[in-house]
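Q: A single structure is presented below for examination.
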2 protein chains.
Amino acid sequence: MQVLKDRILTEGVVKGGNVLKVDSFLNHQMDITLFDAMGEELKRRFKDEKITKILTIEASGIGIACIVARHFGVPVVFAKKSESKNLDGDLYTSPVYSFTHQKEYMIRVSKKFITEEDRVLVIDDFLANGKALIGLFDILGQSGATVVGAGIAIEKGFQGGGDALREQGLRIESLAIVEEMGEGFIKFRD
Amino acid sequence: MQVLKDRILTEGVVKGGNVLKVDSFLNHQMDITLFDAMGEELKRRFKDEKITKILTIEASGIGIACIVARHFGVPVVFAKKSESKNLDGDLYTSPVYSFTHQKEYMIRVSKKFITEEDRVLVIDDFLANGKALIGLFDILGQSGATVVGAGIAIEKGFQGGGDALREQGLRIESLAIVEEMGEGFIKFRD
């Protein structure tokens, strides 16, 4: 998606440890006009699927997921990373290792909100090694819901998580795939 | 806002410890159609303000903030609760005590994204004792931005946080104010 790639080239900053900093429009400040264009594009790509629900993970996936969900006319469920007084009853859980925070945490989704009747699209801001996405797909597997696929803003293709999931037959649509990056350069997959 | 009050009466569950569980439409599963109506209402209430940015706090504020921001045509910035490799540089910080998680944490906003030229509306899903909102207003005070006020989905009026802020002259617009609640009943402020 050209408008997203242009923003990454203009505002993205490559840092050590495979970090691509896009906090000016994606995951700290959020450009809602851009998110809306991303929602329109994902609706175009998944238009033939009867999606009933969008699943994402806190925190930075939530904003994109909500704007995308407007285009599909469906609710969003977000997986929680911490225990809370507000989260009780029967839960789907899955362990996810975060390289950003360098620790493993449990993600949790209430069983009430994803059932085997659902056809679910997963939305997230980033796909790198794929650990968060694997956790979300694991939860969908437990629920018996139909996994339609995933819509991702930025995939770091060189970290291999997206391609490994595609090899398993999952549909992963990333709006910008970074093939290579380093100090002062970012190269996208065609 | 009647449509929100109706949902609270239909789906809200009052639990011990002043917890009002509304996870079916507000803070675990999110009803985007309802959020859109809330955005329209907040735009109506703040229509004469020249808002340039919306500030919220992760995680459950983000979805509402993004949908509301579409109605104002402005970006969203969300305060982060944890340290992260993706958050560096100059930060505004403020300590916030969470009764839900029973601990104090620092909230962080990059100085790049809120400046003294901004006119900021704060958005959050809940207002109870007001600790999160006080932290966000503190950050806005540090930035020199103009504080337009806050738009809240559900205020637990009996916990007093909203009224204490109003007494300081802050404009707090809550779409539903619960005045009293207990097992099997929820009473709203007129």
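Chain lettering (A, B, ...) mirrors the order of the structure tokens, residue numbering begins at 1 for each chain separately, and ligand numbering begins at 1 in order of display.
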Could you list, as a CSV table (one decimal) with C-alpha atoms, in the first residue's frame, the residues of chain B having an atom within 8 Å of chain A when counting only C-alpha atoms?
A:
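Contents of the output file selection_16.csv:
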```csv
chain,number,residue,atom,x,y,z
B,19,VAL,CA,-16.7,-3.0,39.6
B,21,LYS,CA,-18.5,-5.1,34.2
B,23,ASP,CA,-16.8,-6.2,28.8
B,24,SER,CA,-19.4,-7.2,26.2
B,28,HIS,CA,-12.9,-6.3,26.0
B,29,GLN,CA,-15.3,-6.8,23.2
B,30,MET,CA,-15.9,-3.3,21.6
B,31,ASP,CA,-19.1,-2.3,19.8
B,32,ILE,CA,-17.8,0.0,17.1
B,33,THR,CA,-21.3,1.1,16.1
B,58,GLU,CA,-3.6,2.3,27.0
B,59,ALA,CA,-5.3,-0.1,26.7
B,62,ILE,CA,-7.5,3.5,22.7
B,63,GLY,CA,-10.5,2.1,20.7
B,66,CYS,CA,-9.6,6.4,17.7
B,67,ILE,CA,-13.3,6.3,16.7
B,69,ALA,CA,-11.0,11.1,16.6
B,70,ARG,CA,-12.5,10.3,13.2
B,73,GLY,CA,-10.3,14.7,12.1
B,74,VAL,CA,-7.3,14.7,14.5
B,75,PRO,CA,-4.6,12.2,15.5
B,76,VAL,CA,-4.7,10.3,18.8
B,77,VAL,CA,-1.7,10.0,21.2
B,78,PHE,CA,-1.9,7.3,23.8
B,79,ALA,CA,0.0,7.4,27.1
B,80,LYS,CA,2.0,4.2,27.6
B,83,GLU,CA,8.8,0.9,29.3
B,84,SER,CA,9.5,-0.3,25.8
B,85,LYS,CA,12.4,-0.4,23.3
B,86,ASN,CA,10.1,1.7,21.1
B,100,THR,CA,-8.0,-2.2,39.1
B,101,HIS,CA,-4.5,-3.5,39.2
B,113,PHE,CA,3.6,14.6,20.0
```
Q: Apply DSSP to the structure's backbone, then extract all residues of segment 31-185 of chain A labelled helix (DSSP H, G or I) and return them as a VMD selection string.
A: chain A and resid 32 to 45 61 to 72 111 to 113 131 to 143 157 to 159 161 to 167
Q: Choose the residue, out of A:Lys5, A:His71, A:Lys131, A:Arg119, that has the smallest atom-to-atom separation from Ser174 of chain A; count only C-alpha atoms.
A: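 Closest to Ser174 of chain A, using only C-alpha atoms: A:Lys5.
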Q: Do a neighbour search on segment 148-163 of chain B at 6 Å with only C-alpha atoms, toss out local chain neighbours closer than 3 positions, and write the hits as a list in words.
A: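 So the residues in contact are Val120, Leu121, Val122, Ile123, Asp124, Asp125, Phe126, Leu127, Ala128, Asn129, Gly130, Arg166, Arg171, Ile172, Glu173, Ser174, Leu175, Ala176, Ile177, Val178 and Glu179 of chain B.
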Q: Just give me the gap between atom CA of Met1 of chain B and atom CA of Gln168 of chain B in Å, one decimal is fine.
A: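 Distance reported for this atom pair: 24.3 Å.
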Q: Measuring between only C-alpha atoms, which one of A:Ile139, A:Leu170, A:Val14, A:Leu133 shows the shortest distance to Ser94 of chain A?
A: A:Ile139
Q: Tell me, which residues of chain B carry DSSP strand (DSSP E), written as a PyMOL selection string?
A: chain B and resi 13-15+19-21+29-30+53-57+76-79+91-98+103-110+119-127+146-156+172-182+185-188
Q: Could those residues be written to a file, using C-alpha atoms, as a PDB file, in the first residue's frame?
A:
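Just written: out-v4.pdb:
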```
ATOM      1  CA  VAL B  13     -23.039  -6.475  35.645  1.00  0.00           C
ATOM      2  CA  VAL B  14     -22.346  -4.968  39.052  1.00  0.00           C
ATOM      3  CA  LYS B  15     -19.639  -6.862  40.943  1.00  0.00           C
ATOM      4  CA  VAL B  19     -16.695  -2.959  39.584  1.00  0.00           C
ATOM      5  CA  LEU B  20     -19.176  -2.386  36.754  1.00  0.00           C
ATOM      6  CA  LYS B  21     -18.481  -5.062  34.171  1.00  0.00           C
ATOM      7  CA  GLN B  29     -15.344  -6.771  23.170  1.00  0.00           C
ATOM      8  CA  MET B  30     -15.895  -3.342  21.603  1.00  0.00           C
ATOM      9  CA  LYS B  53      -5.267  16.226  19.216  1.00  0.00           C
ATOM     10  CA  ILE B  54      -6.857  13.528  21.328  1.00  0.00           C
ATOM     11  CA  LEU B  55      -4.965  12.015  24.269  1.00  0.00           C
ATOM     12  CA  THR B  56      -5.887   8.696  25.847  1.00  0.00           C
ATOM     13  CA  ILE B  57      -4.255   5.926  27.864  1.00  0.00           C
ATOM     14  CA  VAL B  76      -4.670  10.261  18.750  1.00  0.00           C
ATOM     15  CA  VAL B  77      -1.749   9.958  21.156  1.00  0.00           C
ATOM     16  CA  PHE B  78      -1.919   7.262  23.810  1.00  0.00           C
ATOM     17  CA  ALA B  79       0.014   7.360  27.070  1.00  0.00           C
ATOM     18  CA  LEU B  91       9.168  11.977  27.720  1.00  0.00           C
ATOM     19  CA  TYR B  92       6.480  13.535  29.846  1.00  0.00           C
ATOM     20  CA  THR B  93       5.808  11.203  32.779  1.00  0.00           C
ATOM     21  CA  SER B  94       3.327  11.077  35.625  1.00  0.00           C
ATOM     22  CA  PRO B  95       2.668   8.464  38.341  1.00  0.00           C
ATOM     23  CA  VAL B  96      -0.814   6.930  38.352  1.00  0.00           C
ATOM     24  CA  TYR B  97      -2.276   4.579  40.940  1.00  0.00           C
ATOM     25  CA  SER B  98      -4.522   1.884  39.454  1.00  0.00           C
ATOM     26  CA  LYS B 103      -0.326  -0.749  41.896  1.00  0.00           C
ATOM     27  CA  GLU B 104       1.248   2.529  40.882  1.00  0.00           C
ATOM     28  CA  TYR B 105       2.763   2.859  37.438  1.00  0.00           C
ATOM     29  CA  MET B 106       4.331   5.629  35.396  1.00  0.00           C
ATOM     30  CA  ILE B 107       2.519   6.850  32.317  1.00  0.00           C
ATOM     31  CA  ARG B 108       4.677   8.149  29.482  1.00  0.00           C
ATOM     32  CA  VAL B 109       4.094  10.370  26.465  1.00  0.00           C
ATOM     33  CA  SER B 110       6.784  11.407  24.018  1.00  0.00           C
ATOM     34  CA  ARG B 119      -5.618  22.015  22.066  1.00  0.00           C
ATOM     35  CA  VAL B 120      -6.210  18.584  23.545  1.00  0.00           C
ATOM     36  CA  LEU B 121      -9.326  16.570  24.367  1.00  0.00           C
ATOM     37  CA  VAL B 122      -8.727  13.612  26.694  1.00  0.00           C
ATOM     38  CA  ILE B 123     -10.794  10.472  26.017  1.00  0.00           C
ATOM     39  CA  ASP B 124     -11.182   7.429  28.260  1.00  0.00           C
ATOM     40  CA  ASP B 125     -13.620   4.578  28.735  1.00  0.00           C
ATOM     41  CA  PHE B 126     -14.076   4.943  32.520  1.00  0.00           C
ATOM     42  CA  LEU B 127     -13.825   7.661  35.132  1.00  0.00           C
ATOM     43  CA  THR B 146      -4.433  23.872  26.144  1.00  0.00           C
ATOM     44  CA  VAL B 147      -6.668  21.396  27.972  1.00  0.00           C
ATOM     45  CA  VAL B 148     -10.084  21.477  26.328  1.00  0.00           C
ATOM     46  CA  GLY B 149     -11.533  18.866  28.697  1.00  0.00           C
ATOM     47  CA  ALA B 150     -12.325  15.186  28.805  1.00  0.00           C
ATOM     48  CA  GLY B 151     -14.888  12.956  27.112  1.00  0.00           C
ATOM     49  CA  ILE B 152     -15.676   9.810  29.077  1.00  0.00           C
ATOM     50  CA  ALA B 153     -17.930   6.883  28.246  1.00  0.00           C
ATOM     51  CA  ILE B 154     -18.940   5.815  31.764  1.00  0.00           C
ATOM     52  CA  GLU B 155     -18.382   7.808  34.943  1.00  0.00           C
ATOM     53  CA  LYS B 156     -18.947   6.190  38.315  1.00  0.00           C
ATOM     54  CA  ILE B 172     -15.632  16.708  32.035  1.00  0.00           C
ATOM     55  CA  GLU B 173     -18.309  15.321  29.700  1.00  0.00           C
ATOM     56  CA  SER B 174     -19.411  11.809  30.619  1.00  0.00           C
ATOM     57  CA  LEU B 175     -21.896  10.058  28.356  1.00  0.00           C
ATOM     58  CA  ALA B 176     -23.371   8.042  31.231  1.00  0.00           C
ATOM     59  CA  ILE B 177     -22.926   8.842  34.934  1.00  0.00           C
ATOM     60  CA  VAL B 178     -23.756   6.037  37.347  1.00  0.00           C
ATOM     61  CA  GLU B 179     -24.936   7.670  40.574  1.00  0.00           C
ATOM     62  CA  GLU B 180     -25.580   4.505  42.525  1.00  0.00           C
ATOM     63  CA  MET B 181     -25.293   0.791  41.879  1.00  0.00           C
ATOM     64  CA  GLY B 182     -25.649  -2.505  43.687  1.00  0.00           C
ATOM     65  CA  PHE B 185     -29.650  -2.181  40.096  1.00  0.00           C
ATOM     66  CA  ILE B 186     -27.906   0.710  38.373  1.00  0.00           C
ATOM     67  CA  LYS B 187     -29.137   4.295  38.822  1.00  0.00           C
ATOM     68  CA  PHE B 188     -27.959   7.127  36.573  1.00  0.00           C
TER      69      PHE B 188
END
```
